[in-house]
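A quick write-up on the structure given underneath.
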Amino acid sequence: MFRLPIATLLTLCALIFPAQAETPRDTLVKVSRDFIIPRYETLAQAAKVQQTAWEAFCGTPKAEAVASLQEAYQKAADAWAGIEFVLYGPISIDFRFERMAHWPERQNTVNRALANLLSRSGTDDLSPERFSQASAAAQGLTAVERLLFEKDAAKAFTDGSDTAKRRCAVGSAIARGLATTSAQVLDEWRRPDGALAKIENGDAGVIEDAATRFATDYSGLFDIIDDQKLGVPMGKKPDDARPMLAEGWRSNRSMRAIAVNLEAGEAMGKLLVDPNTDEGASLLYALRTPRTMAATLGQIDIGKIAADPKTRAQIVLLRDAIHSLREVAGNTVPSALGVTIGFSSRDGD
C-alpha cells in the first residue's frame with residue numbers, strides 16, 4: 001500500500017485545514033495566563049519573603065542584619081517593576097496600586113505620611129485592619145525604601161530605643177500589607193470568578209474593554225519611563241537635573257527599575273503581537289536598543305549622570321530610544337488587538 005510521508009501529510013492537512021487566526025480574546029487570555037498571573041505569583045512570593053524577613057529582624061534587631069532587609073526589598077521591588085504597568089484588573093481596586101508603591105511622589109507625600117506614622121507610639125494603629133486605613137503613601141515599597149536606605153538606617157533600627165522599636169513595627173506592618181495585597185490580587189486573577197475567567201467568558205463588550213485597557217497599560221509603560229522615570233530627573237539641560245526625583249534613588253535602583261520594566265515590556269509584547277509578523281518584529285526591534293542600553297548603564301544614578309555634561313549623552317540617547325519605542329508600541333499593539341486608545345493618565349502630560 002502506498003503511504004505518503006508524515007511531513008507531506010502534515011503539509012496537506014495545513015493546506016486543507018488552515019489554522020484559525022488568533023482572536024483578541026485568545027491574545028488576552030494568553031497574556032493573562034502566561035504573563036500577568038506568573039508575574040503576580042512572583043510578586044506575592046517576594047512580598048511574603050520580605051514580610052518574613054522583617055518579622056525575623058524585628059524579633060532580634062541587629063545592625064548587620066539590615067542588609068537582609070535591603071536584599072528582600074530589592075527583590076520585591078524588582079518583582080513589582082515587572083508587573084507595575086498593568087493597571088487592568090484587581091490591582092486597580094481599593095487603591096491597591098497606590099498602596100503597593102506611591103510613585104511619582106508629589107509634595108513630599110511619602111515622607112510626610114511616614115513621619116506621621118513614626119511619630120506615634122505603641123502598635124495599636126499598626127494592626128492589619130487599622131493600618132490598611134492609613135495613608136497609601138506610607139504603605140508601599142516607596143516607604144520601605146525610605147526606612148531602609150536613609151542615612152544611619154541601621155542605627156535607627158537597633159539603638160534599643162522606643163523609637164527604634166516603633167520604626168521596626170512600622171516597617172513590619174508595611175511589609176505585611178504588601179504581602180497581603182499581592183496575595184489578594186493574585187487570588188482575584190486566578191479564582192473561578194476572577195479576572196481571567198471574566199476575560200475567558202466575557203461578551204464582546206468585555207473583550208473590547210479589556211483589549212483597550214491592555215493596550216493602554218502597555219503603551220503607558222513607555223510613557224512613564226520617557227516622561228517620569230527619565231524626563232523628570234533629567235530636566236531639559238544639565239543644570240535642571242533633579243537627582244532626588246528619580247525613582248528609587250536612595251536604593252540606587254533608578255536604572256535597575258527601568259531595565260526590569262523593559263524586560264517585562266518585551267515579554268508581554270511578544271504575547272500581544274505575533275513576533276513572526278512585521279508588526280511584532282518592529283516592536284521587538286524597537287525594544288532591543290533601550291533594553292541593551294539600560295542593561296549596559298547598570299545601577300547608575302540617572303539624575304547625577306544627567307547633571308554632568310560629560311555623561312548626560314548616555315541618558316539622552318536612552319530617552320531617545322524609549323521615545324521611539326513609545327511610538328512603535330502605540331501603533332502596533334492597539335492595531336494587533338483591534339482597538340483604538342487615546343490619552344493615558346500616566347503619560348505625565
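Following the order of the C-alpha cells, first chain is A, next is B, and so on, with residues numbered from 1 inside each chain and ligands from 1 in the order they appear.
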Mind dumping a table of every stretch 19-101 of chain A residue within 9 Å of stretch 130-141 of chain A, with the nearest atom pair and its distance in Å to one decimal, using only C-alpha atoms, sorted by chain and rising number, as JSON lines?
```
{"residue": "A:Tyr73", "atom": "CA", "partner": "A:Leu141", "partner_atom": "CA", "distance": 7.6}
{"residue": "A:Ala76", "atom": "CA", "partner": "A:Leu141", "partner_atom": "CA", "distance": 8.1}
{"residue": "A:Ala77", "atom": "CA", "partner": "A:Leu141", "partner_atom": "CA", "distance": 6.8}
{"residue": "A:Trp80", "atom": "CA", "partner": "A:Leu141", "partner_atom": "CA", "distance": 8.9}
{"residue": "A:Phe95", "atom": "CA", "partner": "A:Ala136", "partner_atom": "CA", "distance": 7.5}
{"residue": "A:Arg96", "atom": "CA", "partner": "A:Ala136", "partner_atom": "CA", "distance": 8.5}
{"residue": "A:Glu98", "atom": "CA", "partner": "A:Ala136", "partner_atom": "CA", "distance": 6.0}
{"residue": "A:Arg99", "atom": "CA", "partner": "A:Ala136", "partner_atom": "CA", "distance": 4.8}
{"residue": "A:Met100", "atom": "CA", "partner": "A:Gly140", "partner_atom": "CA", "distance": 4.4}
{"residue": "A:Ala101", "atom": "CA", "partner": "A:Gly140", "partner_atom": "CA", "distance": 4.5}
```
Spatial neighbours of A:Ser219, 10 Å, only C-alpha atoms, chain gap at least 4 places, as a list in words: Phe85, Arg213, Phe214, Ala215, Asp223, Ile224, Gly265, Leu325, Arg326, Glu327, Val328, Ala329, Gly330, Asn331, Thr332, Val333, Pro334, Ile341, Ser344, Arg346 and Asp347 of chain A
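Computed from the coordinates, the atom CA of A:Ala46 to atom CA of A:Pro104 distance equals 22.3 Å.
Nearest residue to A:Ala153 among A:Ala65, A:Leu262, A:Ala257, A:Leu272 is A:Ala65, counting only C-alpha atoms.
Considering the residues A:Gly269, A:Arg242, A:Glu263, A:Thr277 and counting only C-alpha atoms, A:Arg291 has its shortest atom-to-atom contact with A:Glu263.
Here atom CA of A:Pro192 stands at a distance of 27.2 Å from atom CA of A:Val273.
Distances from A:Tyr218, A:Phe57, A:Trp103, A:Trp189 to A:Arg33 were compared using only C-alpha atoms, and the smallest one belongs to A:Trp189.
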What's around A:Gln107 at 12 Å? Count only C-alpha atoms, leave out sequence neighbours fewer than 5 positions away in its own chain, and write the answer as a list in words. Arg112, Ala113, Ala137 and Leu245 of chain A
Those in stretch 224-309 of chain A with alpha helix (DSSP H) from DSSP, as a count of residues only: 49
Find the distance between atom CA of A:Thr311 and atom CA of A:Gln299 and write it in Å to one decimal. 14.4 Å
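Proximity ranking of A:Arg256, A:Lys236, A:Lys30, A:Arg191 relative to A:Val316 places A:Lys236 first, based on only C-alpha atoms.
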Can you pull out every residue within 10 Å of stretch 66-68 of chain A, counting only C-alpha atoms, but drop anything in the same chain fewer than 2 positions away, and send it as a VMD selection string? chain A and resid 50 53 to 54 57 61 to 64 70 to 74 148 to 149 153 to 155 157 to 158
When you look at stretch 23-27 of chain A with a cut-off of 12 Å (counting only C-alpha atoms), what residues show up, excluding the ones that are within fewer than 2 positions of it in the same chain? I need them as a PyMOL selection string. chain A and resi 19-21+29-35+196-212+214-215+268-274+333-339
What does the file look like for those residues with N, CA and C atoms, as a short mmCIF file (atom, residue, chain, number, x, y, z; two decimals), in the first residue's frame?
```
data_model
loop_
_atom_site.label_atom_id
_atom_site.label_comp_id
_atom_site.auth_asym_id
_atom_site.auth_seq_id
_atom_site.Cartn_x
_atom_site.Cartn_y
_atom_site.Cartn_z
N ALA A 19 -4.86 26.90 10.04
CA ALA A 19 -5.05 27.32 11.43
C ALA A 19 -5.86 28.62 11.48
N GLN A 20 -6.74 28.68 12.45
CA GLN A 20 -7.56 29.89 12.59
C GLN A 20 -6.71 31.01 13.19
N ALA A 21 -6.97 32.22 12.72
CA ALA A 21 -6.24 33.37 13.25
C ALA A 21 -6.59 33.57 14.72
N VAL A 29 -6.33 36.17 26.87
CA VAL A 29 -6.23 35.01 27.74
C VAL A 29 -4.77 34.56 27.85
N LYS A 30 -4.08 34.54 26.73
CA LYS A 30 -2.68 34.13 26.71
C LYS A 30 -1.82 35.08 27.55
N VAL A 31 -2.04 36.37 27.39
CA VAL A 31 -1.28 37.35 28.16
C VAL A 31 -1.57 37.18 29.66
N SER A 32 -2.83 36.96 29.99
CA SER A 32 -3.21 36.80 31.40
C SER A 32 -2.57 35.56 32.01
N ARG A 33 -2.63 34.45 31.28
CA ARG A 33 -2.11 33.18 31.80
C ARG A 33 -0.59 33.13 31.82
N ASP A 34 0.03 33.64 30.76
CA ASP A 34 1.46 33.44 30.59
C ASP A 34 2.32 34.61 31.06
N PHE A 35 1.69 35.76 31.28
CA PHE A 35 2.47 36.92 31.74
C PHE A 35 1.95 37.47 33.06
N LEU A 196 -9.25 36.54 35.12
CA LEU A 196 -9.02 35.68 33.96
C LEU A 196 -10.32 35.06 33.47
N ALA A 197 -11.13 34.56 34.38
CA ALA A 197 -12.40 33.94 33.99
C ALA A 197 -13.32 34.95 33.30
N LYS A 198 -13.28 36.18 33.74
CA LYS A 198 -14.13 37.20 33.13
C LYS A 198 -13.72 37.46 31.68
N ILE A 199 -12.41 37.39 31.42
CA ILE A 199 -11.95 37.54 30.04
C ILE A 199 -12.34 36.32 29.22
N GLU A 200 -12.13 35.13 29.79
CA GLU A 200 -12.44 33.90 29.06
C GLU A 200 -13.92 33.80 28.71
N ASN A 201 -14.77 34.28 29.61
CA ASN A 201 -16.22 34.10 29.44
C ASN A 201 -16.96 35.38 29.07
N GLY A 202 -16.23 36.47 28.90
CA GLY A 202 -16.88 37.76 28.67
C GLY A 202 -17.46 37.91 27.28
N ASP A 203 -18.43 38.80 27.16
CA ASP A 203 -19.03 39.07 25.85
C ASP A 203 -18.13 40.03 25.07
N ALA A 204 -18.59 40.43 23.90
CA ALA A 204 -17.78 41.27 23.03
C ALA A 204 -17.41 42.59 23.70
N GLY A 205 -18.34 43.14 24.49
CA GLY A 205 -18.07 44.40 25.17
C GLY A 205 -16.96 44.27 26.21
N VAL A 206 -16.97 43.17 26.94
CA VAL A 206 -15.94 42.91 27.94
C VAL A 206 -14.58 42.76 27.27
N ILE A 207 -14.54 42.03 26.16
CA ILE A 207 -13.29 41.81 25.44
C ILE A 207 -12.76 43.13 24.88
N GLU A 208 -13.63 43.93 24.31
CA GLU A 208 -13.17 45.21 23.75
C GLU A 208 -12.62 46.11 24.85
N ASP A 209 -13.30 46.15 25.98
CA ASP A 209 -12.84 46.97 27.10
C ASP A 209 -11.49 46.47 27.61
N ALA A 210 -11.36 45.15 27.78
CA ALA A 210 -10.10 44.58 28.27
C ALA A 210 -8.97 44.83 27.28
N ALA A 211 -9.26 44.67 25.98
CA ALA A 211 -8.23 44.89 24.96
C ALA A 211 -7.77 46.34 24.96
N THR A 212 -8.71 47.26 25.09
CA THR A 212 -8.37 48.69 25.13
C THR A 212 -7.49 49.00 26.33
N PHE A 214 -5.63 46.84 28.12
CA PHE A 214 -4.32 46.20 27.99
C PHE A 214 -3.41 47.05 27.10
N ALA A 215 -3.95 47.49 25.97
CA ALA A 215 -3.15 48.30 25.05
C ALA A 215 -2.74 49.62 25.70
N MET A 268 5.82 40.81 27.58
CA MET A 268 4.41 40.99 27.30
C MET A 268 4.18 41.31 25.83
N GLY A 269 5.10 42.08 25.25
CA GLY A 269 4.97 42.45 23.84
C GLY A 269 4.95 41.24 22.92
N LYS A 270 5.75 40.22 23.25
CA LYS A 270 5.79 39.00 22.43
C LYS A 270 4.46 38.26 22.45
N LEU A 271 3.67 38.47 23.50
CA LEU A 271 2.37 37.82 23.61
C LEU A 271 1.27 38.67 22.98
N LEU A 272 1.43 39.97 23.03
CA LEU A 272 0.41 40.86 22.48
C LEU A 272 0.45 40.92 20.95
N VAL A 273 1.67 40.88 20.41
CA VAL A 273 1.85 40.99 18.97
C VAL A 273 2.69 39.81 18.49
N ASP A 274 2.21 39.09 17.52
CA ASP A 274 2.92 37.92 16.99
C ASP A 274 4.32 38.32 16.52
N VAL A 333 0.52 47.69 19.06
CA VAL A 333 -0.30 46.91 20.00
C VAL A 333 -1.79 47.17 19.83
N PRO A 334 -2.24 48.42 19.79
CA PRO A 334 -3.68 48.64 19.57
C PRO A 334 -4.16 48.01 18.27
N SER A 335 -3.33 48.12 17.22
CA SER A 335 -3.71 47.53 15.93
C SER A 335 -3.84 46.02 16.04
N ALA A 336 -2.91 45.38 16.73
CA ALA A 336 -2.96 43.93 16.88
C ALA A 336 -4.19 43.48 17.64
N LEU A 337 -4.65 44.31 18.58
CA LEU A 337 -5.83 43.96 19.39
C LEU A 337 -7.13 44.51 18.79
N GLY A 338 -7.01 45.25 17.71
CA GLY A 338 -8.20 45.77 17.05
C GLY A 338 -8.91 46.87 17.81
N VAL A 339 -8.13 47.70 18.53
CA VAL A 339 -8.73 48.77 19.32
C VAL A 339 -8.01 50.08 19.04
#
```
Shell around A:Pro233 at 6 Å using only C-alpha atoms, local window under 3 positions removed, as a PyMOL selection string: chain A and resi 230+241-243+245-246+303
Do you know which residues are at most 8 Å from A:Arg167 counting only C-alpha atoms, after dropping those on the same chain fewer than 2 positions away, and could you put them as a ChimeraX atom specification? /A:118,147,156-157,163-165,169-171
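The shortest atom-to-atom distance to A:Gly89, with only C-alpha atoms taken into account, belongs to A:Val185 out of A:Pro128, A:Val185, A:Ser172, A:Lys75.
Closest approach to A:Leu221 among A:Val144, A:Ala81, A:Cys58, A:Leu126 is made by A:Ala81 (distances from only C-alpha atoms).
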